[in-house]
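Engineer: Next comes input.cif, mmCIF, C-alpha atoms:
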```
data_entry
loop_
_atom_site.label_atom_id
_atom_site.label_comp_id
_atom_site.auth_asym_id
_atom_site.auth_seq_id
_atom_site.Cartn_x
_atom_site.Cartn_y
_atom_site.Cartn_z
CA MET A 213 -79.10 28.28 186.30
CA PHE A 214 -76.64 30.54 184.51
CA GLY A 215 -75.42 32.10 187.73
CA MET A 216 -74.88 28.62 189.17
CA ARG A 217 -72.33 27.92 186.44
CA LEU A 218 -70.16 30.73 187.77
CA ARG A 219 -70.58 29.68 191.39
CA ILE A 220 -69.37 26.18 190.53
CA ALA A 221 -66.49 27.57 188.44
CA LEU A 222 -65.32 29.94 191.19
CA ALA A 223 -65.56 27.17 193.80
CA GLU A 224 -63.62 24.72 191.64
CA LYS A 225 -60.80 27.22 191.28
CA GLY A 226 -60.87 28.13 194.99
CA ILE A 227 -61.53 31.80 194.23
CA GLU A 228 -62.94 33.98 196.99
CA TYR A 229 -65.61 36.37 195.86
CA GLU A 230 -68.37 38.66 197.06
CA TYR A 231 -71.82 37.51 195.98
CA ARG A 232 -74.64 39.94 195.38
CA GLU A 233 -78.20 38.71 194.90
CA GLU A 234 -80.06 40.76 192.28
CA ASP A 235 -83.80 41.40 192.24
CA LEU A 236 -84.58 41.10 188.54
CA ARG A 237 -87.79 43.08 188.96
CA ASN A 238 -85.78 45.93 190.50
CA LYS A 239 -82.33 45.83 188.93
CA SER A 240 -79.52 47.56 190.80
CA GLU A 241 -77.55 50.54 189.46
CA LEU A 242 -74.46 48.35 189.51
CA LEU A 243 -76.03 45.65 187.34
CA LEU A 244 -77.28 48.21 184.81
CA LYS A 245 -73.85 49.85 184.71
CA MET A 246 -71.97 46.56 184.39
CA ASN A 247 -74.28 45.01 181.79
CA PRO A 248 -75.84 47.93 179.90
CA VAL A 249 -76.37 45.86 176.75
CA HIS A 250 -78.44 43.01 178.19
CA LYS A 251 -79.11 44.10 181.80
CA LYS A 252 -78.92 40.41 182.82
CA ILE A 253 -77.20 38.27 185.37
CA PRO A 254 -74.78 36.69 185.92
CA VAL A 255 -72.09 39.34 185.77
CA LEU A 256 -68.60 38.65 187.02
CA ILE A 257 -66.74 41.76 188.12
CA HIS A 258 -62.97 41.35 188.34
CA ASN A 259 -60.76 44.35 189.10
CA ASP A 260 -63.85 46.55 188.53
CA LYS A 261 -64.26 45.22 184.97
CA PRO A 262 -67.41 43.30 184.04
CA VAL A 263 -67.54 39.98 182.23
CA CYS A 264 -71.06 39.14 181.02
CA GLU A 265 -72.62 35.92 179.67
CA SER A 266 -72.03 32.81 181.79
CA ILE A 267 -70.14 30.67 179.26
CA ILE A 268 -67.86 33.61 178.47
CA ALA A 269 -67.25 34.26 182.17
CA VAL A 270 -66.43 30.58 182.79
CA GLN A 271 -63.82 30.72 180.02
CA TYR A 272 -62.42 33.94 181.48
CA ILE A 273 -62.09 32.30 184.90
CA ASP A 274 -60.40 29.30 183.29
CA GLU A 275 -57.90 31.51 181.45
CA VAL A 276 -57.03 33.83 184.35
CA TRP A 277 -56.84 31.15 187.07
CA ASN A 278 -55.12 28.68 184.83
CA LYS A 279 -52.92 26.85 187.35
CA LYS A 280 -55.68 24.73 188.89
CA ALA A 281 -58.65 22.57 187.79
CA PRO A 282 -58.73 23.38 184.04
CA PHE A 283 -62.25 23.33 182.62
CA LEU A 284 -61.36 23.21 178.94
CA PRO A 285 -59.05 20.53 177.47
CA SER A 286 -55.65 21.64 176.20
CA ASP A 287 -56.06 20.10 172.74
CA PRO A 288 -57.60 22.63 170.27
CA TYR A 289 -59.89 20.05 168.65
CA GLN A 290 -61.19 18.80 172.02
CA ARG A 291 -61.69 22.44 173.04
CA ALA A 292 -63.74 23.03 169.90
CA GLN A 293 -65.89 20.00 170.70
CA ALA A 294 -66.44 21.26 174.25
CA ARG A 295 -67.41 24.72 172.97
CA PHE A 296 -69.78 23.13 170.43
CA TRP A 297 -71.62 21.21 173.15
CA ALA A 298 -71.79 24.19 175.52
CA ASP A 299 -73.27 26.15 172.61
CA TYR A 300 -75.77 23.32 171.96
CA ILE A 301 -76.83 23.37 175.62
CA ASP A 302 -77.23 27.16 175.50
CA LYS A 303 -79.24 27.04 172.28
CA LYS A 304 -81.56 24.20 173.26
CA MET A 305 -81.94 23.47 176.97
CA TYR A 306 -83.37 26.70 178.37
CA ASP A 307 -86.13 27.12 175.77
CA ALA A 308 -86.99 23.40 175.71
CA GLY A 309 -87.31 23.34 179.50
CA ARG A 310 -89.26 26.59 179.62
CA ARG A 311 -91.77 25.26 177.12
CA VAL A 312 -92.35 22.24 179.35
CA TRP A 313 -93.16 24.19 182.51
CA SER A 314 -95.10 26.95 180.77
CA SER A 315 -97.52 24.95 178.64
CA LYS A 316 -100.38 22.47 178.91
CA GLY A 317 -102.42 20.09 176.77
CA ASP A 318 -101.14 19.41 173.25
CA GLU A 319 -98.51 22.12 173.54
CA LEU A 320 -97.13 20.37 176.63
CA GLU A 321 -96.96 17.01 174.87
CA ALA A 322 -95.00 18.59 172.01
CA ALA A 323 -92.75 20.40 174.49
CA LYS A 324 -92.00 17.15 176.36
CA LYS A 325 -91.10 15.39 173.14
CA ASP A 326 -88.70 18.16 172.11
CA PHE A 327 -87.19 18.39 175.59
CA LEU A 328 -86.50 14.65 175.74
CA GLU A 329 -84.99 14.73 172.25
CA VAL A 330 -82.49 17.36 173.43
CA LEU A 331 -81.66 15.24 176.48
CA LYS A 332 -81.20 12.15 174.34
CA VAL A 333 -78.75 13.95 172.05
CA LEU A 334 -76.75 14.98 175.12
CA GLU A 335 -76.96 11.49 176.60
CA ALA A 336 -75.61 10.05 173.34
CA GLU A 337 -72.72 12.52 173.47
CA LEU A 338 -71.96 11.52 177.07
CA GLY A 339 -71.92 7.84 176.07
CA ASP A 340 -70.17 5.70 178.65
CA LYS A 341 -67.85 8.44 179.87
CA PRO A 342 -68.11 9.40 183.56
CA TYR A 343 -68.24 13.09 182.56
CA PHE A 344 -68.73 14.94 179.28
CA GLY A 345 -65.11 16.01 179.71
CA GLY A 346 -63.97 12.39 180.02
CA GLU A 347 -62.43 11.28 183.30
CA THR A 348 -62.83 14.63 185.02
CA PHE A 349 -65.54 17.25 185.49
CA GLY A 350 -65.08 19.90 182.81
CA PHE A 351 -66.55 22.68 180.70
CA VAL A 352 -69.58 20.89 179.29
CA ASP A 353 -70.42 19.30 182.66
CA LEU A 354 -70.27 22.77 184.18
CA ALA A 355 -72.49 24.20 181.43
CA PHE A 356 -75.13 21.51 181.80
CA ILE A 357 -75.33 20.49 185.48
CA PRO A 358 -77.21 23.60 186.74
CA PHE A 359 -80.21 22.52 184.64
CA TYR A 360 -80.41 19.40 186.81
CA CYS A 361 -81.97 21.30 189.71
CA TRP A 362 -84.80 22.28 187.34
CA PHE A 363 -85.52 18.67 186.29
CA TYR A 364 -87.84 18.06 189.23
CA ALA A 365 -89.95 21.08 188.20
CA TYR A 366 -90.02 19.97 184.54
CA GLU A 367 -90.94 16.39 185.53
CA SER A 368 -93.67 17.52 187.91
CA CYS A 369 -95.22 19.96 185.42
CA GLY A 370 -94.96 17.50 182.55
CA ASN A 371 -95.69 14.30 184.44
CA PHE A 372 -92.70 12.32 183.20
CA SER A 373 -89.42 10.97 184.51
CA VAL A 374 -86.05 11.96 183.05
CA GLU A 375 -84.46 8.90 184.66
CA ALA A 376 -86.87 6.57 182.85
CA GLU A 377 -85.94 8.11 179.50
CA CYS A 378 -82.27 9.00 180.06
CA PRO A 379 -80.84 6.87 182.87
CA LYS A 380 -77.21 7.58 181.92
CA LEU A 381 -77.82 11.31 182.23
CA ILE A 382 -79.23 10.93 185.72
CA ALA A 383 -76.28 8.73 186.69
CA TRP A 384 -74.00 11.50 185.38
CA ALA A 385 -75.95 14.16 187.32
CA ASN A 386 -75.69 12.16 190.54
CA ARG A 387 -71.96 11.77 189.95
CA CYS A 388 -71.64 15.56 189.57
CA MET A 389 -73.76 16.16 192.67
CA GLU A 390 -71.24 14.11 194.70
CA LYS A 391 -68.84 17.01 194.19
CA GLU A 392 -69.30 19.42 197.08
CA ASN A 393 -68.70 22.45 194.83
CA VAL A 394 -71.58 21.39 192.60
CA ALA A 395 -74.00 20.34 195.35
CA LYS A 396 -73.57 23.61 197.28
CA SER A 397 -73.91 25.76 194.13
CA LEU A 398 -77.17 24.36 192.82
CA ALA A 399 -80.54 25.64 193.98
CA ASP A 400 -82.79 23.34 195.97
CA LYS A 401 -85.08 21.48 193.54
CA GLN A 402 -88.16 21.90 195.72
CA LYS A 403 -87.59 25.66 195.87
CA VAL A 404 -87.20 25.74 192.07
CA TYR A 405 -90.49 23.85 191.68
CA GLU A 406 -92.30 26.25 194.02
CA PHE A 407 -90.87 29.17 192.05
CA VAL A 408 -92.12 27.61 188.79
CA LEU A 409 -95.59 27.11 190.29
CA GLN A 410 -95.65 30.80 191.15
CA LEU A 411 -94.62 31.69 187.58
CA ARG A 412 -97.36 29.43 186.20
CA LYS A 413 -99.92 31.34 188.31
CA VAL A 414 -98.57 34.68 187.09
CA PHE A 415 -98.72 33.55 183.45
CA GLY A 416 -102.19 32.10 183.94
CA ILE A 417 -101.21 28.54 183.12
CA ASP A 418 -102.66 27.12 186.33
CA MET B 41 -49.97 19.81 157.08
CA GLU B 42 -53.31 18.09 157.35
CA GLU B 43 -55.97 18.79 154.77
CA VAL B 44 -58.54 21.51 155.44
CA LYS B 45 -62.00 21.40 153.92
CA LEU B 46 -64.78 23.95 154.20
CA LEU B 47 -68.39 23.01 153.56
CA GLY B 48 -70.37 26.16 152.90
CA THR B 49 -72.82 28.01 150.70
CA TRP B 50 -72.07 31.02 148.48
CA SER B 51 -74.81 33.19 149.98
CA SER B 52 -74.30 32.57 153.71
CA PRO B 53 -72.51 35.15 155.87
CA PHE B 54 -71.77 32.35 158.38
CA SER B 55 -69.95 30.42 155.67
CA TYR B 56 -68.00 33.56 154.78
CA ARG B 57 -66.92 34.15 158.37
CA VAL B 58 -64.88 30.95 158.13
CA LEU B 59 -63.73 31.54 154.56
CA TRP B 60 -62.45 35.01 155.47
CA ALA B 61 -60.64 33.60 158.51
CA LEU B 62 -58.91 30.97 156.37
CA GLU B 63 -57.91 33.64 153.83
CA LEU B 64 -56.67 36.06 156.53
CA LYS B 65 -54.48 33.32 157.96
CA GLY B 66 -53.35 32.11 154.54
CA ILE B 67 -54.53 28.56 155.26
CA PRO B 68 -54.94 26.44 152.12
CA TYR B 69 -58.32 24.76 151.96
CA GLN B 70 -60.68 22.91 149.69
CA TYR B 71 -64.13 24.50 149.43
CA THR B 72 -67.28 22.49 148.75
CA GLU B 73 -70.54 24.25 147.88
CA GLU B 74 -73.43 22.53 149.65
CA ASP B 75 -77.00 22.42 148.37
CA LEU B 76 -79.08 22.98 151.50
CA TYR B 77 -82.20 21.63 149.78
CA ASN B 78 -80.32 18.42 149.05
CA LYS B 79 -77.74 17.97 151.80
CA SER B 80 -74.81 15.76 151.00
CA PRO B 81 -74.27 12.57 153.04
CA PHE B 82 -70.86 14.00 153.94
CA LEU B 83 -72.39 17.14 155.46
CA VAL B 84 -74.90 15.12 157.45
CA LYS B 85 -72.10 12.83 158.65
CA CYS B 86 -69.94 15.80 159.69
CA ASN B 87 -72.77 17.72 161.38
CA PRO B 88 -75.37 15.16 162.49
CA VAL B 89 -76.64 17.41 165.30
CA HIS B 90 -77.56 20.53 163.28
CA LYS B 91 -77.00 19.43 159.64
CA LYS B 92 -75.91 23.00 158.87
CA ILE B 93 -73.04 24.82 157.22
CA PRO B 94 -70.39 25.98 157.70
CA VAL B 95 -68.40 22.91 158.68
CA LEU B 96 -64.62 22.90 158.80
CA VAL B 97 -62.99 19.50 158.38
CA HIS B 98 -59.36 19.41 159.51
CA GLY B 99 -57.46 16.19 158.96
CA GLY B 100 -60.80 14.39 158.62
CA LYS B 101 -62.20 15.78 161.88
CA PRO B 102 -65.25 18.07 161.65
CA ILE B 103 -65.81 21.30 163.59
CA CYS B 104 -69.25 22.92 163.46
CA GLU B 105 -70.70 26.35 164.30
CA SER B 106 -68.93 29.33 162.72
CA MET B 107 -67.77 30.97 165.96
CA VAL B 108 -66.52 27.64 167.36
CA ILE B 109 -64.55 27.21 164.12
CA LEU B 110 -63.05 30.73 164.36
CA GLU B 111 -61.89 30.08 167.94
CA TYR B 112 -60.43 26.75 166.82
CA LEU B 113 -58.32 28.22 164.00
CA ASP B 114 -56.02 30.20 166.36
CA GLY B 115 -54.92 26.86 167.87
CA PRO B 116 -53.18 25.10 164.96
CA TRP B 117 -52.54 28.43 163.11
CA PRO B 118 -51.58 31.04 165.73
CA HIS B 119 -50.29 33.66 163.25
CA ASN B 120 -52.63 36.58 162.47
CA PRO B 121 -54.63 35.70 165.59
CA LEU B 122 -58.38 36.24 165.46
CA LEU B 123 -58.65 36.67 169.22
CA PRO B 124 -56.62 38.95 171.47
CA SER B 125 -54.18 37.35 173.91
CA ASP B 126 -55.37 39.16 177.05
CA PRO B 127 -58.11 37.17 178.87
CA TYR B 128 -60.29 40.24 179.50
CA GLU B 129 -60.05 41.40 175.89
CA ARG B 130 -60.90 37.84 174.81
CA ALA B 131 -64.01 37.91 177.01
CA VAL B 132 -65.05 41.22 175.44
CA ALA B 133 -64.51 39.79 171.93
CA ARG B 134 -66.54 36.70 172.77
CA PHE B 135 -69.31 38.91 174.17
CA TRP B 136 -69.66 40.85 170.91
CA ALA B 137 -69.39 37.73 168.76
CA LYS B 138 -72.27 36.24 170.77
CA PHE B 139 -74.18 39.52 170.43
CA ALA B 140 -73.76 39.32 166.64
CA ASP B 141 -75.19 35.79 166.66
CA ASP B 142 -78.02 36.35 169.14
CA LYS B 143 -79.20 39.79 168.03
CA GLY B 144 -78.32 39.73 164.33
CA THR B 145 -81.47 37.74 163.58
CA VAL B 146 -83.56 40.91 163.93
CA ILE B 147 -82.20 42.02 160.53
CA TRP B 148 -83.33 38.74 159.02
CA THR B 149 -86.76 39.33 160.55
CA MET B 150 -86.87 42.76 158.90
CA PHE B 151 -85.99 41.14 155.60
CA ARG B 152 -88.55 38.33 155.69
CA SER B 153 -91.55 40.24 157.08
CA THR B 154 -94.00 43.01 156.29
CA GLY B 155 -96.33 45.36 158.16
CA GLU B 156 -96.18 45.60 161.95
CA GLU B 157 -93.70 42.75 162.31
CA GLN B 158 -91.30 44.50 159.94
CA LYS B 159 -91.78 47.86 161.68
CA GLU B 160 -90.81 46.28 165.01
CA ALA B 161 -87.82 44.58 163.38
CA VAL B 162 -86.65 47.89 161.87
CA LYS B 163 -86.84 49.51 165.30
CA GLY B 164 -84.94 46.59 166.82
CA SER B 165 -82.33 46.67 164.05
CA LEU B 166 -81.65 50.39 164.54
CA GLU B 167 -81.26 49.87 168.29
CA MET B 168 -78.87 47.04 167.62
CA LEU B 169 -76.79 49.15 165.20
CA ARG B 170 -76.67 51.95 167.79
CA THR B 171 -75.33 49.54 170.41
CA ILE B 172 -72.75 48.18 167.99
CA GLU B 173 -71.54 51.62 166.91
CA ASP B 174 -71.38 53.14 170.39
CA LEU B 175 -70.38 50.25 172.59
CA ALA B 176 -68.70 47.63 170.42
CA LEU B 177 -66.82 49.70 167.82
CA GLY B 178 -66.41 53.12 169.38
CA ASP B 179 -63.52 55.01 167.76
CA LYS B 180 -61.56 51.92 166.71
CA LYS B 181 -60.77 51.22 163.06
CA PHE B 182 -61.83 47.60 163.44
CA PHE B 183 -63.66 45.82 166.25
CA GLY B 184 -60.38 43.99 166.78
CA GLY B 185 -58.44 47.29 167.03
CA GLU B 186 -55.87 47.99 164.35
CA ARG B 187 -56.38 44.62 162.70
CA ILE B 188 -59.41 42.60 161.67
CA GLY B 189 -60.36 40.07 164.35
CA MET B 190 -63.05 37.59 165.24
CA VAL B 191 -65.65 40.26 166.03
CA ASP B 192 -65.19 41.94 162.64
CA LEU B 193 -65.84 38.59 160.97
CA ALA B 194 -68.85 38.00 163.25
CA PHE B 195 -70.33 41.35 162.12
CA GLY B 196 -69.31 40.78 158.50
CA ALA B 197 -72.93 40.44 157.36
CA LEU B 198 -73.43 44.13 158.16
CA ALA B 199 -70.78 45.07 155.60
CA HIS B 200 -72.26 43.25 152.62
CA TRP B 201 -75.52 41.39 153.25
CA LEU B 202 -77.29 44.27 155.00
CA GLY B 203 -76.95 46.51 151.92
CA VAL B 204 -78.57 43.82 149.78
CA PHE B 205 -81.46 43.39 152.23
CA GLU B 206 -81.91 47.16 152.46
CA GLU B 207 -82.16 47.44 148.68
CA ILE B 208 -84.69 44.62 148.41
CA VAL B 209 -87.05 45.82 151.16
CA GLY B 210 -86.51 49.50 150.34
CA ILE B 211 -85.53 50.47 153.89
CA ARG B 212 -82.20 52.14 154.70
CA LEU B 213 -80.83 51.27 158.14
CA LEU B 214 -77.08 51.89 158.06
CA GLU B 215 -77.07 55.57 157.01
CA PRO B 216 -73.67 57.30 157.16
CA GLU B 217 -75.17 60.31 158.97
CA SER B 218 -76.70 58.14 161.70
CA PHE B 219 -73.87 55.64 162.02
CA PRO B 220 -70.70 57.35 160.76
CA ARG B 221 -68.25 55.04 162.51
CA LEU B 222 -69.99 51.80 161.58
CA HIS B 223 -70.38 53.04 158.02
CA LYS B 224 -66.63 53.78 157.86
CA TRP B 225 -65.95 50.33 159.28
CA THR B 226 -67.89 48.68 156.44
CA LYS B 227 -65.59 50.49 153.98
CA ASN B 228 -62.39 49.58 155.87
CA PHE B 229 -63.53 45.98 156.26
CA LYS B 230 -64.28 45.50 152.57
CA GLU B 231 -60.97 47.12 151.56
CA GLU B 232 -58.98 44.40 153.31
CA PRO B 233 -57.72 42.17 150.45
CA ALA B 234 -58.74 38.87 152.10
CA ILE B 235 -62.29 40.24 152.36
CA LYS B 236 -62.42 42.26 149.12
CA GLU B 237 -61.42 39.27 147.03
CA ASN B 238 -63.90 37.01 148.80
CA LEU B 239 -67.35 38.55 148.65
CA PRO B 240 -70.38 37.02 146.93
CA ASP B 241 -71.42 38.83 143.75
CA LYS B 242 -73.87 41.61 144.63
CA ASP B 243 -76.17 41.14 141.62
CA LYS B 244 -76.33 37.40 142.23
CA MET B 245 -77.21 38.13 145.87
CA LEU B 246 -79.93 40.61 144.91
CA SER B 247 -81.51 38.11 142.56
CA ASN B 248 -81.19 35.20 144.99
CA PHE B 249 -82.51 37.01 148.07
CA ARG B 250 -85.31 38.71 146.14
CA CYS B 251 -86.49 35.26 145.10
CA LEU B 252 -86.12 33.95 148.64
CA ARG B 253 -88.11 36.84 150.10
CA GLU B 254 -90.98 36.18 147.69
CA LYS B 255 -90.97 32.53 148.64
CA LEU B 256 -90.95 33.30 152.37
CA LEU B 257 -93.77 35.85 152.10
CA ALA B 258 -95.86 33.48 150.00
CA SER B 259 -95.61 30.54 152.41
CA PRO B 260 -98.02 30.40 155.40
#
```
Let me see the structure of the file written as structure tokens.

Structural biologist:
Amino acid sequence: MFGMRLRIALAEKGIEYEYREEDLRNKSELLLKMNPVHKKIPVLIHNDKPVCESIIAVQYIDEVWNKKAPFLPSDPYQRAQARFWADYIDKKMYDAGRRVWSSKGDELEAAKKDFLEVLKVLEAELGDKPYFGGETFGFVDLAFIPFYCWFYAYESCGNFSVEAECPKLIAWANRCMEKENVAKSLADKQKVYEFVLQLRKVFGID
Amino acid sequence: MEEVKLLGTWSSPFSYRVLWALELKGIPYQYTEEDLYNKSPFLVKCNPVHKKIPVLVHGGKPICESMVILEYLDGPWPHNPLLPSDPYERAVARFWAKFADDKGTVIWTMFRSTGEEQKEAVKGSLEMLRTIEDLALGDKKFFGGERIGMVDLAFGALAHWLGVFEEIVGIRLLEPESFPRLHKWTKNFKEEPAIKENLPDKDKMLSNFRCLREKLLASP
């Protein structure tokens, strides 16, 4: 879902780019050279120089291509709030979601509870705004929306419904998905679920 | 000029990141020492999500998370900037600041553990220091170049807290022979007046963290 953030960002700014799919079990020379510290994707390469970490790369894109579709607000305080919430999403969402799909029994029940708590905090922050950024799709929306294509997998593994618990969040997600740049950048939820089922087999959960 | 308040604790490197930034920029502020075992209603109101320090309150509006605060400060107070102006250099600075946050915890693990867990943490800490010396600092005086910047503040714990932890657990990580450039950086960093005049007392730290380590090792 971290790579999807960049795809949305590049599309929003109308930037043409070459995409290279990496096999994380067989990392390319280029990936290892461009991200020697973490050896992870996504990596944005601009003028042969690498920018690693998705939230950092999104900010880089926003600062370089600054004439169109700003992601971050111009007010420093609002920018700080946006960065805070992107940081919250980074700290909480991935691990909470992973615990849901990779556990069972009591551990799964605890994981579901924690996952929904994270979603509820985010839903409260969204409030009645159409987007986290306010009237327009922005930085926090961009940071969060890729997780939406994993919701189906989480719900299926955990036997729960995000919409039942956080209807405003699902309304927000649907609003984001109406944007072509978002819809075409997210993975297919069925494919994500099948991928998760494979991972569960590999980890011996199923 | 709107009032600036900093909620922090005397022994936290995260708290000091913000304090140093305020001092470097010459921003007047009111400091409040928080008791993390008895959090003030004001702290909880300012940081309901994490209930942690540091919190900067500017004109009554709270900003949380030390690195978010550091990025914020360049906005209303652009002099002595903490971040470079070039977008690529900014991305590099943000990368290392994130590295400090994400990977720095291995040193805490070394401090609060024993046996195999500690051995692994020592190995991890040395690898981390190698990456920092070779890839983040290189031959520069500061991570920020000629002047202290956001990344120097992010790595500030290495300059003062690490020595305390090393003394308590009896393991030396940051040896001058192994990490000559990083070792020199710790000296340069602590010589900067804004930093030198704002460091927690070493003996107080030794006593406090020794106590804390005993507590952590005793609990299940």

Engineer: I'd like the contact shell of Ala322 (chain A) - 12 Å cut-off, all atoms listed in the file, skipping same-chain residues fewer than 4 positions apart - returned as an MDAnalysis selection string.

Structural biologist: chainID A and resid 308:309 311:312 315:318 326:329 370

Engineer: Env of Cys104 (chain B): 12 Å cut, atoms = all atoms listed in the file, seq-sep filter 4 positions within chain, self excluded. Answer as number ranges by chain.

Structural biologist: A: 289, 292-297, 299-300; B: 46-48, 54-55, 58, 83-98, 108-112

Engineer: I need the residues from that last selection saved to file as a tab-separated table (two decimals), in the coordinates of the input (with C-alpha atoms), if you can.

Structural biologist:
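Final output, saved to again_14.tsv:
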```
chain	number	residue	atom	x	y	z
A	289	TYR	CA	-59.89	20.05	168.65
A	292	ALA	CA	-63.74	23.03	169.90
A	293	GLN	CA	-65.89	20.00	170.70
A	294	ALA	CA	-66.44	21.26	174.25
A	295	ARG	CA	-67.41	24.72	172.97
A	296	PHE	CA	-69.78	23.13	170.43
A	297	TRP	CA	-71.62	21.21	173.15
A	299	ASP	CA	-73.27	26.15	172.61
A	300	TYR	CA	-75.77	23.32	171.96
B	46	LEU	CA	-64.78	23.95	154.20
B	47	LEU	CA	-68.39	23.01	153.56
B	48	GLY	CA	-70.37	26.16	152.90
B	54	PHE	CA	-71.77	32.35	158.38
B	55	SER	CA	-69.95	30.42	155.67
B	58	VAL	CA	-64.88	30.95	158.13
B	83	LEU	CA	-72.39	17.14	155.46
B	84	VAL	CA	-74.90	15.12	157.45
B	85	LYS	CA	-72.10	12.83	158.65
B	86	CYS	CA	-69.94	15.80	159.69
B	87	ASN	CA	-72.77	17.72	161.38
B	88	PRO	CA	-75.37	15.16	162.49
B	89	VAL	CA	-76.64	17.41	165.30
B	90	HIS	CA	-77.56	20.53	163.28
B	91	LYS	CA	-77.00	19.43	159.64
B	92	LYS	CA	-75.91	23.00	158.87
B	93	ILE	CA	-73.04	24.82	157.22
B	94	PRO	CA	-70.39	25.98	157.70
B	95	VAL	CA	-68.40	22.91	158.68
B	96	LEU	CA	-64.62	22.90	158.80
B	97	VAL	CA	-62.99	19.50	158.38
B	98	HIS	CA	-59.36	19.41	159.51
B	108	VAL	CA	-66.52	27.64	167.36
B	109	ILE	CA	-64.55	27.21	164.12
B	110	LEU	CA	-63.05	30.73	164.36
B	111	GLU	CA	-61.89	30.08	167.94
B	112	TYR	CA	-60.43	26.75	166.82
```

Engineer: Residues of chain B within 10 Å of chain A, counting all atoms listed in the file, what are they? List them as a PyMOL selection string.

Structural biologist: chain B and resi 89-90+98+101-116+126-135+138-139+142+168+171-172+175

Engineer: Determine the residue membership of the PyMOL selection byres ((chain B and resi 196-198) around 12) for the file above and supply it as a PyMOL selection string.

Structural biologist: chain B and resi 51-61+137+140-141+144-145+147-148+165+168-169+172-173+182-183+188-195+199-206+213-214+222-230+235-236+238-240

Engineer: Compile the contact shell of Leu257 (chain B) as a list of chain:residue names: residues with an atom at most 9 Å away, counting all atoms listed in the file, same-chain residues fewer than 2 positions apart removed.

Structural biologist: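 Counting all atoms listed in the file, the residues come to B:Arg152, B:Ser153, B:Thr154, B:Leu252, B:Arg253, B:Glu254, B:Lys255, B:Ser259, B:Pro260.
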
Engineer: In terms of the shortest atom-to-atom distance over only C-alpha atoms, which of A:Glu367, A:Lys252, A:Glu377, A:Thr348 is closest to Asp235 (chain A)?

Structural biologist: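 The closest residue to Asp235 (chain A) is A:Lys252.
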
Engineer: Could you tell me which residues the PyMOL selection byres ((chain A and resi 381-386) around 8) grabs in this file, written as a PyMOL selection string?

Structural biologist: chain A and resi 331+335+338+342-343+357+360+374-375+378-380+387-390

Engineer: Quick one: of B:Gly99, B:Gly210, B:Pro220, B:Gly66, who's nearest to Met150 (chain B), counting all atoms listed in the file?

Structural biologist: B:Gly210

Engineer: For region 109-117 of chain B, where the input has fewer atoms than it should, I would like N, CA, C and O atoms rebuilt and written as a PDB file, in the coordinates of the input.

Structural biologist:
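That gives us rebuild-v8.pdb:
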```
ATOM      1  N   ILE B 109     -65.610  27.406 165.111  1.00  0.00           N
ATOM      2  CA  ILE B 109     -64.550  27.210 164.120  1.00  0.00           C
ATOM      3  C   ILE B 109     -63.520  28.346 164.210  1.00  0.00           C
ATOM      4  O   ILE B 109     -62.309  28.107 164.226  1.00  0.00           O
ATOM      5  N   LEU B 110     -63.986  29.592 164.292  1.00  0.00           N
ATOM      6  CA  LEU B 110     -63.050  30.730 164.360  1.00  0.00           C
ATOM      7  C   LEU B 110     -62.135  30.612 165.584  1.00  0.00           C
ATOM      8  O   LEU B 110     -60.933  30.858 165.501  1.00  0.00           O
ATOM      9  N   GLU B 111     -62.712  30.249 166.730  1.00  0.00           N
ATOM     10  CA  GLU B 111     -61.890  30.080 167.940  1.00  0.00           C
ATOM     11  C   GLU B 111     -60.881  28.947 167.749  1.00  0.00           C
ATOM     12  O   GLU B 111     -59.748  29.024 168.222  1.00  0.00           O
ATOM     13  N   TYR B 112     -61.301  27.909 167.050  1.00  0.00           N
ATOM     14  CA  TYR B 112     -60.430  26.750 166.820  1.00  0.00           C
ATOM     15  C   TYR B 112     -59.198  27.136 166.005  1.00  0.00           C
ATOM     16  O   TYR B 112     -58.080  26.694 166.306  1.00  0.00           O
ATOM     17  N   LEU B 113     -59.389  27.960 164.965  1.00  0.00           N
ATOM     18  CA  LEU B 113     -58.320  28.220 164.000  1.00  0.00           C
ATOM     19  C   LEU B 113     -57.047  28.798 164.634  1.00  0.00           C
ATOM     20  O   LEU B 113     -55.937  28.506 164.176  1.00  0.00           O
ATOM     21  N   ASP B 114     -57.200  29.617 165.699  1.00  0.00           N
ATOM     22  CA  ASP B 114     -56.020  30.200 166.360  1.00  0.00           C
ATOM     23  C   ASP B 114     -55.136  29.132 166.982  1.00  0.00           C
ATOM     24  O   ASP B 114     -53.966  29.391 167.260  1.00  0.00           O
ATOM     25  N   GLY B 115     -55.683  27.933 167.238  1.00  0.00           N
ATOM     26  CA  GLY B 115     -54.920  26.860 167.870  1.00  0.00           C
ATOM     27  C   GLY B 115     -53.815  26.339 166.951  1.00  0.00           C
ATOM     28  O   GLY B 115     -52.632  26.581 167.158  1.00  0.00           O
ATOM     29  N   PRO B 116     -54.208  25.621 165.868  1.00  0.00           N
ATOM     30  CA  PRO B 116     -53.180  25.100 164.960  1.00  0.00           C
ATOM     31  C   PRO B 116     -52.483  26.180 164.123  1.00  0.00           C
ATOM     32  O   PRO B 116     -51.371  25.969 163.655  1.00  0.00           O
ATOM     33  N   TRP B 117     -53.115  27.349 163.920  1.00  0.00           N
ATOM     34  CA  TRP B 117     -52.540  28.430 163.110  1.00  0.00           C
ATOM     35  C   TRP B 117     -52.529  29.731 163.906  1.00  0.00           C
ATOM     36  O   TRP B 117     -53.371  30.604 163.711  1.00  0.00           O
TER      37      TRP B 117
END
```
